Amino acid sequence: MPESNTSMFTLDPAPKVITFDCYGTLVQWYEVLLREIGATLARHDARGASASAILDSFSAQGRRLTAERPHRLYADILRIGFAAAFGEHGLTPSADELEGIASSPMRMGPHPEVPGALRRLRERYKLAIFTNSDDALIAPTVARIGVPFDYVITAEQAQAYKPSRRLFEYAYRAMGVTPDETLHVAMGMYWDMKACHELGLRGIWVNRRGEVGNPDWLPYAQVSDLDGAAALLLPA
């Protein structure tokens, strides 16, 4: 695993707002989607494809679709992207099956440690979500987390998807802060740590899946869950 550069992690200048990715970082993106995809594969008796392979295919489709203009809603990207991902494996789910997968983010609950860590962080910082999602799609997910956020910035509002700097710049204007008054916490290496590197933002990578990071996008501190991030942000 590459150096996470935790030794260079600094809270000087002190951040005013801690910003978070949502899907995967705060809520159970992989767990819920793998379950939904697996159920669809079982109905199709698709023994030649795995749920993880379908999700990997969707991730590649998502990178392509989110980079295209004009801006599409993320709900549409989920439908289009998963239809293409299944198609890569010779499968054609029904419209209802695709809709069930595409709507599943609304049913994603938080990782177990997330509410407690966020409550501790709220005692010192304002909290924000920066998400590649739509206003309507993310609202039930945020409600399930059960902890108030001061700001929820969506790709729909910014008309741009991470890792584009447009979403981050829109967010800082909306919050009335400068980038160095924030610190970004996220699970996404491509979607978030790449953006942090390119924009010169402080970042904490929540490596929940034991993945190998990209050293080209250092510096970022690396932790295994949100408790680890809170420990860096709330030193004794």
# chains A, B, ... in the order shown; residues from 1 in each chain; ligands from 1
call {"tool": "residues_around", "arguments": {"residues": "Thr40 in chain A", "least_positions_apart": "6", "cutoff": "10 Å", "atoms": "only C-alpha atoms", "output": "JSON, numbers by chain"}}
result
{"A": [34, 46, 51, 93, 94, 97, 98, 100, 101]}
call {"tool": "closest_atom_pairs", "arguments": {"of": "range 144-234 of chain A", "to": "range 122-131 of chain A", "cutoff": "7 Å", "atoms": "only C-alpha atoms", "output": "Markdown table"}}
result
| residue | atom | partner | partner_atom | distance |
| --- | --- | --- | --- | --- |
| A:Phe149 | CA | A:Leu127 | CA | 5.2 |
| A:Asp150 | CA | A:Leu127 | CA | 5.5 |
| A:Tyr151 | CA | A:Ala128 | CA | 4.6 |
| A:Val152 | CA | A:Ile129 | CA | 4.7 |
| A:Ile153 | CA | A:Phe130 | CA | 4.9 |
| A:Thr154 | CA | A:Thr131 | CA | 5.0 |
| A:Ala155 | CA | A:Thr131 | CA | 6.3 |
call {"tool": "write_last_selection", "arguments": {"atoms": "N, CA, C and O atoms", "output": "mmCIF file, in the first residue's frame"}}
result
data_model
loop_
_atom_site.group_PDB
_atom_site.id
_atom_site.type_symbol
_atom_site.label_atom_id
_atom_site.label_comp_id
_atom_site.auth_asym_id
_atom_site.auth_seq_id
_atom_site.Cartn_x
_atom_site.Cartn_y
_atom_site.Cartn_z
ATOM 1 N N PHE A 149 -26.560 17.975 8.430
ATOM 2 C CA PHE A 149 -25.456 18.575 7.685
ATOM 3 C C PHE A 149 -25.786 20.043 7.434
ATOM 4 O O PHE A 149 -26.938 20.396 7.204
ATOM 5 N N ASP A 150 -24.745 20.869 7.470
ATOM 6 C CA ASP A 150 -24.949 22.295 7.228
ATOM 7 C C ASP A 150 -25.164 22.575 5.748
ATOM 8 O O ASP A 150 -25.875 23.521 5.393
ATOM 9 N N TYR A 151 -24.555 21.772 4.897
ATOM 10 C CA TYR A 151 -24.675 21.950 3.453
ATOM 11 C C TYR A 151 -24.718 20.580 2.784
ATOM 12 O O TYR A 151 -23.997 19.665 3.188
ATOM 13 N N VAL A 152 -25.554 20.467 1.758
ATOM 14 C CA VAL A 152 -25.538 19.289 0.886
ATOM 15 C C VAL A 152 -25.427 19.815 -0.543
ATOM 16 O O VAL A 152 -26.370 20.404 -1.080
ATOM 17 N N ILE A 153 -24.249 19.633 -1.125
ATOM 18 C CA ILE A 153 -23.954 20.135 -2.468
ATOM 19 C C ILE A 153 -24.019 18.965 -3.431
ATOM 20 O O ILE A 153 -23.322 17.961 -3.256
ATOM 21 N N THR A 154 -24.847 19.088 -4.461
ATOM 22 C CA THR A 154 -25.028 17.990 -5.411
ATOM 23 C C THR A 154 -24.503 18.368 -6.794
ATOM 24 O O THR A 154 -24.372 19.551 -7.144
ATOM 25 N N ALA A 155 -24.247 17.322 -7.587
ATOM 26 C CA ALA A 155 -23.865 17.549 -8.981
ATOM 27 C C ALA A 155 -24.989 18.255 -9.745
ATOM 28 O O ALA A 155 -24.719 19.037 -10.664
#
call {"tool": "residues_around", "arguments": {"residues": "range 164-173 of chain A", "least_positions_apart": "5", "cutoff": "12 Å", "atoms": "only C-alpha atoms", "output": "ChimeraX atom specification"}}
result
/A:16-21,63,66-68,128-133,151-159,178-184,190-201
call {"tool": "residues_around", "arguments": {"residues": "Arg64 in chain A", "least_positions_apart": "3", "cutoff": "12 Å", "atoms": "only C-alpha atoms", "output": "ChimeraX atom specification"}}
result
/A:57-61,67-69,72,77,80-81,84,161
call {"tool": "write_last_selection", "arguments": {"atoms": "N, CA, C and O atoms", "output": "mmCIF file, in the first residue's frame"}}
result
data_model
loop_
_atom_site.group_PDB
_atom_site.id
_atom_site.type_symbol
_atom_site.label_atom_id
_atom_site.label_comp_id
_atom_site.auth_asym_id
_atom_site.auth_seq_id
_atom_site.Cartn_x
_atom_site.Cartn_y
_atom_site.Cartn_z
ATOM 1 N N SER A 57 -18.056 -2.713 -14.242
ATOM 2 C CA SER A 57 -18.460 -2.224 -15.563
ATOM 3 C C SER A 57 -19.244 -0.928 -15.441
ATOM 4 O O SER A 57 -19.053 0.012 -16.234
ATOM 5 N N PHE A 58 -20.141 -0.861 -14.446
ATOM 6 C CA PHE A 58 -20.897 0.371 -14.246
ATOM 7 C C PHE A 58 -19.970 1.531 -13.895
ATOM 8 O O PHE A 58 -20.171 2.664 -14.366
ATOM 9 N N SER A 59 -18.966 1.267 -13.059
ATOM 10 C CA SER A 59 -18.048 2.342 -12.666
ATOM 11 C C SER A 59 -17.363 2.948 -13.888
ATOM 12 O O SER A 59 -17.216 4.172 -13.995
ATOM 13 N N ALA A 60 -16.959 2.086 -14.823
ATOM 14 C CA ALA A 60 -16.345 2.586 -16.057
ATOM 15 C C ALA A 60 -17.349 3.374 -16.887
ATOM 16 O O ALA A 60 -17.033 4.440 -17.441
ATOM 17 N N GLN A 61 -18.576 2.867 -16.974
ATOM 18 C CA GLN A 61 -19.620 3.597 -17.689
ATOM 19 C C GLN A 61 -19.882 4.950 -17.020
ATOM 20 O O GLN A 61 -20.104 5.967 -17.693
ATOM 21 N N ALA A 67 -18.754 12.549 -17.597
ATOM 22 C CA ALA A 67 -17.881 13.514 -18.279
ATOM 23 C C ALA A 67 -18.558 14.145 -19.487
ATOM 24 O O ALA A 67 -18.067 15.144 -20.015
ATOM 25 N N GLU A 68 -19.681 13.572 -19.917
ATOM 26 C CA GLU A 68 -20.352 14.074 -21.115
ATOM 27 C C GLU A 68 -21.188 15.311 -20.812
ATOM 28 O O GLU A 68 -21.646 15.522 -19.682
ATOM 29 N N ARG A 69 -21.363 16.135 -21.832
ATOM 30 C CA ARG A 69 -22.245 17.290 -21.759
ATOM 31 C C ARG A 69 -23.336 17.122 -22.806
ATOM 32 O O ARG A 69 -23.082 16.492 -23.838
ATOM 33 N N ARG A 72 -26.371 15.284 -17.323
ATOM 34 C CA ARG A 72 -27.488 14.363 -17.072
ATOM 35 C C ARG A 72 -27.687 14.231 -15.566
ATOM 36 O O ARG A 72 -26.730 14.275 -14.793
ATOM 37 N N ILE A 77 -28.058 8.509 -15.187
ATOM 38 C CA ILE A 77 -26.767 7.842 -15.372
ATOM 39 C C ILE A 77 -26.799 6.441 -14.766
ATOM 40 O O ILE A 77 -26.250 5.486 -15.342
ATOM 41 N N ILE A 80 -28.902 4.300 -17.322
ATOM 42 C CA ILE A 80 -28.170 4.082 -18.575
ATOM 43 C C ILE A 80 -26.914 3.256 -18.320
ATOM 44 O O ILE A 80 -26.597 2.312 -19.069
ATOM 45 N N GLY A 81 -26.204 3.602 -17.265
ATOM 46 C CA GLY A 81 -24.943 2.938 -16.972
ATOM 47 C C GLY A 81 -25.111 1.480 -16.604
ATOM 48 O O GLY A 81 -24.328 0.627 -17.053
ATOM 49 N N ALA A 84 -26.029 -0.605 -19.692
ATOM 50 C CA ALA A 84 -24.830 -0.882 -20.481
ATOM 51 C C ALA A 84 -23.928 -1.894 -19.786
ATOM 52 O O ALA A 84 -23.334 -2.763 -20.442
ATOM 53 N N TYR A 161 -19.943 16.984 -12.354
ATOM 54 C CA TYR A 161 -19.637 15.841 -11.502
ATOM 55 C C TYR A 161 -18.175 15.867 -11.073
ATOM 56 O O TYR A 161 -17.291 16.260 -11.852
#
call {"tool": "closest_residue", "arguments": {"among": "A:Pro215, A:Pro70, A:Gly116, A:Gly188", "to": "Val147 in chain A", "atoms": "only C-alpha atoms"}}
result
A:Gly116
call {"tool": "select_by_dssp", "arguments": {"residues": "range 51-184 of chain A", "states": "helix (DSSP H, G or I)", "output": "ChimeraX atom specification"}}
result
/A:51-67,74-88,95-102,104-107,114-122,135-145,155-158,165-175,179-181
call {"tool": "atom_distance", "arguments": {"atom1": "CA of Met108 in chain A", "atom2": "CA of Ala160 in chain A"}}
result
22.9 Å
call {"tool": "closest_residue", "arguments": {"among": "A:Pro219, A:Gly38, A:Val212, A:Met189", "to": "Ile54 in chain A", "atoms": "only C-alpha atoms"}}
result
A:Gly38
call {"tool": "select_by_dssp", "arguments": {"residues": "range 145-207 of chain A", "states": "strand (DSSP E or B)", "output": "PyMOL selection string"}}
result
chain A and resi 151-154+182-186+203-206
call {"tool": "closest_residue", "arguments": {"among": "A:Arg79, A:Arg107, A:Leu65, A:Pro148", "to": "Ala95 in chain A", "atoms": "only C-alpha atoms"}}
result
A:Arg79
call {"tool": "atom_distance", "arguments": {"atom1": "CA of Ala143 in chain A", "atom2": "CA of Val206 in chain A"}}
result
21.5 Å
call {"tool": "atom_distance", "arguments": {"atom1": "CA of Tyr220 in chain A", "atom2": "CA of Leu55 in chain A"}}
result
25.7 Å
call {"tool": "closest_residue", "arguments": {"among": "A:Glu113, A:Arg47, A:Phe82, A:Ala221", "to": "Gly62 in chain A", "atoms": "only C-alpha atoms"}}
result
A:Phe82
call {"tool": "residues_around", "arguments": {"residues": "Pro105 in chain A", "least_positions_apart": "3", "cutoff": "9 Å", "atoms": "only C-alpha atoms", "output": "mmCIF file with all heavy atoms, in the first residue's frame"}}
result
data_model
loop_
_atom_site.group_PDB
_atom_site.id
_atom_site.type_symbol
_atom_site.label_atom_id
_atom_site.label_comp_id
_atom_site.auth_asym_id
_atom_site.auth_seq_id
_atom_site.Cartn_x
_atom_site.Cartn_y
_atom_site.Cartn_z
ATOM 1 N N TYR A 23 -21.660 8.498 -1.028
ATOM 2 C CA TYR A 23 -21.790 7.087 -1.406
ATOM 3 C C TYR A 23 -20.482 6.336 -1.179
ATOM 4 O O TYR A 23 -19.457 6.654 -1.768
ATOM 5 C CB TYR A 23 -22.193 6.965 -2.872
ATOM 6 C CG TYR A 23 -23.539 7.580 -3.220
ATOM 7 C CD1 TYR A 23 -23.740 8.181 -4.453
ATOM 8 C CD2 TYR A 23 -24.605 7.548 -2.327
ATOM 9 C CE1 TYR A 23 -24.968 8.728 -4.802
ATOM 10 C CE2 TYR A 23 -25.826 8.096 -2.667
ATOM 11 C CZ TYR A 23 -26.008 8.691 -3.893
ATOM 12 O OH TYR A 23 -27.231 9.234 -4.229
ATOM 13 N N VAL A 27 -22.290 6.065 3.470
ATOM 14 C CA VAL A 27 -23.353 5.059 3.381
ATOM 15 C C VAL A 27 -22.878 3.854 2.570
ATOM 16 O O VAL A 27 -21.881 3.911 1.848
ATOM 17 C CB VAL A 27 -24.654 5.647 2.779
ATOM 18 C CG1 VAL A 27 -25.139 6.825 3.614
ATOM 19 C CG2 VAL A 27 -24.466 6.054 1.319
ATOM 20 N N GLN A 28 -23.638 2.771 2.663
ATOM 21 C CA GLN A 28 -23.189 1.466 2.182
ATOM 22 C C GLN A 28 -23.485 1.267 0.685
ATOM 23 O O GLN A 28 -24.334 0.468 0.298
ATOM 24 C CB GLN A 28 -23.821 0.372 3.040
ATOM 25 C CG GLN A 28 -23.391 0.487 4.501
ATOM 26 C CD GLN A 28 -23.972 -0.598 5.375
ATOM 27 O OE1 GLN A 28 -24.102 -1.743 4.957
ATOM 28 N NE2 GLN A 28 -24.317 -0.246 6.601
ATOM 29 N N TRP A 29 -22.730 1.966 -0.117
ATOM 30 C CA TRP A 29 -22.866 1.923 -1.570
ATOM 31 C C TRP A 29 -22.581 0.529 -2.122
ATOM 32 O O TRP A 29 -23.415 -0.082 -2.790
ATOM 33 C CB TRP A 29 -21.928 2.952 -2.178
ATOM 34 C CG TRP A 29 -21.723 2.914 -3.657
ATOM 35 C CD1 TRP A 29 -20.704 2.312 -4.340
ATOM 36 C CD2 TRP A 29 -22.550 3.543 -4.654
ATOM 37 N NE1 TRP A 29 -20.827 2.526 -5.693
ATOM 38 C CE2 TRP A 29 -21.947 3.277 -5.912
ATOM 39 C CE3 TRP A 29 -23.717 4.303 -4.614
ATOM 40 C CZ2 TRP A 29 -22.488 3.737 -7.114
ATOM 41 C CZ3 TRP A 29 -24.250 4.763 -5.804
ATOM 42 C CH2 TRP A 29 -23.652 4.490 -7.028
ATOM 43 N N VAL A 32 -24.982 -2.399 -0.691
ATOM 44 C CA VAL A 32 -26.355 -2.396 -1.205
ATOM 45 C C VAL A 32 -26.381 -2.720 -2.698
ATOM 46 O O VAL A 32 -27.187 -3.544 -3.156
ATOM 47 C CB VAL A 32 -27.034 -1.039 -0.918
ATOM 48 C CG1 VAL A 32 -28.381 -0.943 -1.635
ATOM 49 C CG2 VAL A 32 -27.224 -0.859 0.591
ATOM 50 N N LEU A 33 -25.501 -2.104 -3.473
ATOM 51 C CA LEU A 33 -25.515 -2.363 -4.913
ATOM 52 C C LEU A 33 -25.138 -3.801 -5.240
ATOM 53 O O LEU A 33 -25.749 -4.424 -6.119
ATOM 54 C CB LEU A 33 -24.581 -1.399 -5.636
ATOM 55 C CG LEU A 33 -25.157 -0.009 -5.916
ATOM 56 C CD1 LEU A 33 -24.106 0.880 -6.553
ATOM 57 C CD2 LEU A 33 -26.401 -0.074 -6.803
ATOM 58 N N ILE A 101 -32.430 -1.071 -9.159
ATOM 59 C CA ILE A 101 -31.017 -0.796 -8.901
ATOM 60 C C ILE A 101 -30.764 0.711 -8.879
ATOM 61 O O ILE A 101 -30.068 1.227 -7.998
ATOM 62 C CB ILE A 101 -30.140 -1.490 -9.960
ATOM 63 C CG1 ILE A 101 -30.265 -3.008 -9.831
ATOM 64 C CG2 ILE A 101 -28.683 -1.061 -9.820
ATOM 65 C CD1 ILE A 101 -29.626 -3.787 -10.970
ATOM 66 N N ALA A 102 -31.334 1.429 -9.832
ATOM 67 C CA ALA A 102 -31.102 2.868 -9.932
ATOM 68 C C ALA A 102 -31.656 3.634 -8.730
ATOM 69 O O ALA A 102 -31.126 4.690 -8.362
ATOM 70 C CB ALA A 102 -31.710 3.402 -11.221
ATOM 71 N N MET A 108 -29.955 3.404 0.945
ATOM 72 C CA MET A 108 -28.667 3.079 1.556
ATOM 73 C C MET A 108 -28.552 3.700 2.942
ATOM 74 O O MET A 108 -28.723 4.910 3.118
ATOM 75 C CB MET A 108 -27.522 3.583 0.670
ATOM 76 C CG MET A 108 -27.396 2.824 -0.635
ATOM 77 S SD MET A 108 -26.131 3.533 -1.725
ATOM 78 C CE MET A 108 -26.267 2.415 -3.125
ATOM 79 N N GLY A 109 -28.238 2.854 3.927
ATOM 80 C CA GLY A 109 -28.026 3.341 5.283
ATOM 81 C C GLY A 109 -26.554 3.584 5.562
ATOM 82 O O GLY A 109 -25.683 3.179 4.790
ATOM 83 N N LEU A 137 -32.551 12.423 -5.240
ATOM 84 C CA LEU A 137 -31.972 11.105 -4.992
ATOM 85 C C LEU A 137 -31.225 11.064 -3.665
ATOM 86 O O LEU A 137 -31.274 10.064 -2.945
ATOM 87 C CB LEU A 137 -31.026 10.746 -6.140
ATOM 88 C CG LEU A 137 -30.513 9.312 -6.217
ATOM 89 C CD1 LEU A 137 -31.664 8.327 -6.458
ATOM 90 C CD2 LEU A 137 -29.468 9.182 -7.330
ATOM 91 N N ILE A 138 -30.552 12.153 -3.306
ATOM 92 C CA ILE A 138 -29.713 12.134 -2.107
ATOM 93 C C ILE A 138 -30.497 12.423 -0.835
ATOM 94 O O ILE A 138 -30.096 12.017 0.259
ATOM 95 C CB ILE A 138 -28.538 13.136 -2.254
ATOM 96 C CG1 ILE A 138 -27.408 12.797 -1.268
ATOM 97 C CG2 ILE A 138 -29.006 14.567 -2.049
ATOM 98 C CD1 ILE A 138 -26.689 11.505 -1.543
ATOM 99 N N PRO A 140 -33.278 11.264 0.757
ATOM 100 C CA PRO A 140 -33.581 10.172 1.682
ATOM 101 C C PRO A 140 -32.324 9.530 2.268
ATOM 102 O O PRO A 140 -32.347 9.051 3.400
ATOM 103 C CB PRO A 140 -34.348 9.158 0.823
ATOM 104 C CG PRO A 140 -34.677 9.832 -0.446
ATOM 105 C CD PRO A 140 -33.744 10.965 -0.602
ATOM 106 N N THR A 141 -31.233 9.535 1.491
ATOM 107 C CA THR A 141 -29.984 8.959 1.972
ATOM 108 C C THR A 141 -29.437 9.772 3.133
ATOM 109 O O THR A 141 -29.010 9.227 4.155
ATOM 110 C CB THR A 141 -28.949 8.913 0.828
ATOM 111 O OG1 THR A 141 -29.585 8.426 -0.353
ATOM 112 C CG2 THR A 141 -27.775 8.040 1.185
#
call {"tool": "residues_around", "arguments": {"residues": "Asp227 in chain A", "least_positions_apart": "3", "cutoff": "8 Å", "atoms": "only C-alpha atoms", "output": "PyMOL selection string"}}
result
chain A and resi 113-114+117+230-231
call {"tool": "closest_residue", "arguments": {"among": "A:Leu26, A:Leu41, A:Leu11, A:Leu78", "to": "Val185 in chain A", "atoms": "only C-alpha atoms"}}
result
A:Leu26
call {"tool": "closest_residue", "arguments": {"among": "A:His111, A:Ala236, A:Glu99, A:Ala14", "to": "Ser224 in chain A", "atoms": "only C-alpha atoms"}}
result
A:His111
